[in-house]
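Each remark here refers to the structure printed beneath this line.
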There are 2 protein chains.
Amino acid sequence: MIDTRERILDTAEALFGERGYAATSLRQIIAEAGVNLAAIHYHFGSKEHLLDEVVLRKAAPVNQERMARLERVEAGGEPLTVERVLEAFMVPMAETAEQNPQFVRLMGRMHAEGLMPGIVERHFQPAIGRFLAVMRKVLPELSEEEFLWRIHFMIGAMAHTMCGAPDHTRVAGAPGSFRTRIDRLVAFLSGGFRAPVPRRQEIEVE
Amino acid sequence: MIDTRERILDTAEALFGERGYAATSLRQIIAEAGVNLAAIHYHFGSKEHLLDEVVLRKAAPVNQERMARLERVEAGGEPLTVERVLEAFMVPMAETAEQNPQFVRLMGRMHAEGLMPGIVERHFQPAIGRFLAVMRKVLPELSEEEFLWRIHFMIGAMAHTMCGAPDHTRVAGAPGSFRTRIDRLVAFLSGGFRAPVPRRQEIEVE
DNA sequence: GTCTATACTGAGATAGAC
DNA sequence: GTCTATCTCAGTATAGAC
């Protein structure tokens, strides 16, 4: 069968997103995809490489859109603000989520399973580097260390938000919700990035 | 051997924290602890229950300290602020981390492996409920929905921060760093909680 | 080149002897 | 309480059919 490879990828994307990477066995994937176990290893080499291919298929458009938006936001006539830069970075993922919720759920899952550092490095790095550079421009008053910590906080909040939502949203869950949750997140993070740097009073105590 | 149980718990705490829960096999634990494989199942029933016991041992003091600080902050003469409430919630964990970095690293690891929702529910819920109630008091202007989303963002940032640090910190990693990273986080989150609520402009587009 | 059948190693879990 | 032996199922590897 010529599309064995695609069938494996589609099924893996769905199952990894639903149940998580670790909790999905290759045997579940082959059962649902109707292929042989060894076909996975023939086409992908290992479960980990399979995951990589699943991500790779979908990451490219997100990266392109991020780059384009960052370019636009940096060159555009409107003033460069924290909000706009954050939006340029987040909206592409939210838009993908709108059309393909599975993929973003998968991203969240990967983070929840501690697999994101590697995946980010392999598939999202260039756009992230660009984002950091532009972000730095709108936050020149922060020390490099404080800046990196705040980026760290942001990543945590973002990943957690892509992954899931507060319990109460079961009720209010409506279409368009990914975009609106990004709006909330951008507002929150902007407040965080602009917050005054704490005076570090009690270092000498320790 | 009478302290088989304790030896298993100590070793499990160390290994789970170092390598993660999934990556640590029961066979590694028994090798390092010098006990038999079946002893784990005898004393704890399963790998998951073992993890629960590891967490339970250390969670109690954190919960007590959180409750005490929230009480103090709510009843105290100083004005109730977002910063103070956040601190009351975060500092106990940071202090534990200072003396016992393994435990907090373990907490971070659990989050990174997607095990936290269950653990939180089983071991940290009362203090969290109290925290939410006090937090709500200092943020009366937020809608319930916006409030819960911001708590959601906070949890993501917090967990990610407990878990790890930006790459550059390898160099600057110094004693007392847990407390100072909490100071940074509290400042960031306070800015986020106080940020103006976004006008939700483009919902009709979708 | 693609895929199937099957075997290998190591995981968590369990029964039953001591 | 503890340990040996064993079970099931995971990911992986390979030999060989087409």
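Letters A, B, ... go to the chains of the structure tokens in the order shown; residues in each chain start at 1; ligands are counted from 1 in the same order.
Residues in contact range of Glu32 of chain B, defined as at most 10 Å between only C-alpha atoms (C1' of nucleotides), with sequence neighbours fewer than 6 positions away removed, read Arg7, Ile8, Thr11, Ala12 and Leu15 of chain B.
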Item to check | 10 Å contacts from chain D to chain A using only C-alpha atoms (C1' of nucleotides), as an MDAnalysis selection string | outcome: chainID D and resid 9:14
Those selected residues, please, written with N, CA and C atoms (P, O5', C5', C4', C3', O3' and C1' of nucleotides) and delivered as a PDB file, in the first residue's frame.
ATOM      1  P    DC D   9      -1.484  -8.827  27.570  1.00  0.00           P
ATOM      2  O5'  DC D   9      -0.513  -7.612  27.219  1.00  0.00           O
ATOM      3  C5'  DC D   9      -0.453  -6.478  28.078  1.00  0.00           C
ATOM      4  C4'  DC D   9       0.799  -5.679  27.770  1.00  0.00           C
ATOM      5  C3'  DC D   9       0.956  -5.354  26.274  1.00  0.00           C
ATOM      6  O3'  DC D   9       1.231  -3.969  26.128  1.00  0.00           O
ATOM      7  C1'  DC D   9       2.958  -6.193  27.173  1.00  0.00           C
ATOM      8  P    DA D  10       0.981  -3.289  24.718  1.00  0.00           P
ATOM      9  O5'  DA D  10       2.300  -2.407  24.558  1.00  0.00           O
ATOM     10  C5'  DA D  10       2.609  -1.436  25.548  1.00  0.00           C
ATOM     11  C4'  DA D  10       4.102  -1.255  25.668  1.00  0.00           C
ATOM     12  C3'  DA D  10       4.831  -1.009  24.358  1.00  0.00           C
ATOM     13  O3'  DA D  10       4.841   0.380  24.086  1.00  0.00           O
ATOM     14  C1'  DA D  10       6.011  -2.597  25.706  1.00  0.00           C
ATOM     15  P    DG D  11       5.193   0.845  22.599  1.00  0.00           P
ATOM     16  O5'  DG D  11       6.761   0.591  22.499  1.00  0.00           O
ATOM     17  C5'  DG D  11       7.644   1.386  23.275  1.00  0.00           C
ATOM     18  C4'  DG D  11       9.080   0.994  22.974  1.00  0.00           C
ATOM     19  C3'  DG D  11       9.512   1.268  21.528  1.00  0.00           C
ATOM     20  O3'  DG D  11      10.847   1.758  21.501  1.00  0.00           O
ATOM     21  C1'  DG D  11       9.718  -1.046  22.008  1.00  0.00           C
ATOM     22  P    DT D  12      11.564   2.159  20.156  1.00  0.00           P
ATOM     23  O5'  DT D  12      12.334   0.817  19.764  1.00  0.00           O
ATOM     24  C5'  DT D  12      13.259   0.242  20.686  1.00  0.00           C
ATOM     25  C4'  DT D  12      13.788  -1.054  20.125  1.00  0.00           C
ATOM     26  C3'  DT D  12      14.336  -0.940  18.700  1.00  0.00           C
ATOM     27  O3'  DT D  12      15.729  -1.191  18.734  1.00  0.00           O
ATOM     28  C1'  DT D  12      13.016  -2.898  19.014  1.00  0.00           C
ATOM     29  P    DA D  13      16.576  -1.044  17.374  1.00  0.00           P
ATOM     30  O5'  DA D  13      16.656  -2.552  16.856  1.00  0.00           O
ATOM     31  C5'  DA D  13      17.121  -3.567  17.718  1.00  0.00           C
ATOM     32  C4'  DA D  13      17.152  -4.889  16.951  1.00  0.00           C
ATOM     33  C3'  DA D  13      17.674  -4.769  15.513  1.00  0.00           C
ATOM     34  O3'  DA D  13      18.682  -5.750  15.304  1.00  0.00           O
ATOM     35  C1'  DA D  13      15.558  -5.860  15.544  1.00  0.00           C
ATOM     36  P    DT D  14      19.510  -5.732  13.914  1.00  0.00           P
ATOM     37  O5'  DT D  14      18.909  -6.987  13.157  1.00  0.00           O
ATOM     38  C5'  DT D  14      18.528  -8.134  13.935  1.00  0.00           C
ATOM     39  C4'  DT D  14      17.807  -9.131  13.062  1.00  0.00           C
ATOM     40  C3'  DT D  14      18.200  -9.098  11.580  1.00  0.00           C
ATOM     41  O3'  DT D  14      18.159 -10.433  11.086  1.00  0.00           O
ATOM     42  C1'  DT D  14      15.915  -8.885  11.742  1.00  0.00           C
TER      43       DT D  14
END
Next on the checklist: Set the cut-off to 8 Å and count only C-alpha atoms: what are the residues of chain B that reach chain A? Output as JSON, numbers by chain.
Outcome noted: {"B": [109, 111, 112, 113, 114, 146, 148, 149, 150, 152, 153, 154, 155, 156, 157, 158, 159, 160, 161, 165, 166, 175, 176, 180, 183, 184, 185, 187, 188, 189, 190, 191, 192, 193, 194, 195, 196, 197, 198, 200, 203, 206]}
As a compact mmCIF listing (two decimals) with N, CA, C and O atoms, in the first residue's frame, could you give me every residue of chain A near chain C (at most 12 Å apart, counting only C-alpha atoms (C1' of nucleotides))?
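Just written: out_7.txt:
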# COMPACT_ATOMS: atom_id res chain seq x y z
N MET A 1 0.83 -1.21 0.00
CA MET A 1 0.00 0.00 0.00
C MET A 1 0.86 1.26 0.00
O MET A 1 1.77 1.40 0.81
N ILE A 2 0.57 2.14 -0.90
CA ILE A 2 1.48 3.28 -1.10
C ILE A 2 1.37 4.31 0.01
O ILE A 2 2.34 4.97 0.34
N ASP A 3 0.20 4.44 0.60
CA ASP A 3 0.03 5.48 1.62
C ASP A 3 0.16 4.95 3.04
O ASP A 3 -0.37 5.54 3.97
N THR A 4 0.84 3.85 3.18
CA THR A 4 1.09 3.30 4.50
C THR A 4 1.72 4.35 5.41
O THR A 4 1.30 4.56 6.55
N ARG A 5 2.69 5.02 4.85
CA ARG A 5 3.40 6.05 5.60
C ARG A 5 2.47 7.14 6.11
O ARG A 5 2.50 7.50 7.29
N VAL A 35 -1.83 -1.47 9.57
CA VAL A 35 -0.54 -1.79 8.96
C VAL A 35 0.24 -2.72 9.90
O VAL A 35 -0.23 -3.02 11.00
N ASN A 36 1.38 -3.11 9.45
CA ASN A 36 2.20 -4.03 10.25
C ASN A 36 3.15 -3.28 11.18
O ASN A 36 3.59 -2.17 10.86
N LEU A 37 3.46 -3.90 12.27
CA LEU A 37 4.33 -3.25 13.26
C LEU A 37 5.66 -2.83 12.65
O LEU A 37 6.13 -1.71 12.86
N ALA A 38 6.25 -3.73 11.90
CA ALA A 38 7.58 -3.42 11.36
C ALA A 38 7.54 -2.29 10.34
O ALA A 38 8.58 -1.66 10.06
N ALA A 39 6.36 -2.02 9.77
CA ALA A 39 6.27 -0.91 8.81
C ALA A 39 6.66 0.40 9.45
O ALA A 39 7.26 1.28 8.81
N ILE A 40 6.31 0.55 10.72
CA ILE A 40 6.68 1.78 11.42
C ILE A 40 8.20 1.91 11.48
O ILE A 40 8.76 2.96 11.18
N HIS A 41 8.84 0.82 11.82
CA HIS A 41 10.30 0.89 11.93
C HIS A 41 10.96 0.98 10.58
O HIS A 41 12.03 1.54 10.44
N TYR A 42 10.29 0.42 9.58
CA TYR A 42 10.85 0.58 8.23
C TYR A 42 10.80 2.04 7.80
O TYR A 42 11.79 2.60 7.31
N HIS A 43 9.67 2.70 8.01
CA HIS A 43 9.51 4.07 7.53
C HIS A 43 10.13 5.11 8.45
O HIS A 43 10.57 6.15 7.99
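A straight line drawn from atom CA of Ala133 of chain A to atom CA of Met93 of chain A is 19.2 Å long.
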Checklist entry - Quick one: distance from atom CA of Gly17 of chain B to atom CA of Met90 of chain B in Å, one decimal? => result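 Atom CA of Gly17 of chain B sits 19.7 Å away from atom CA of Met90 of chain B.
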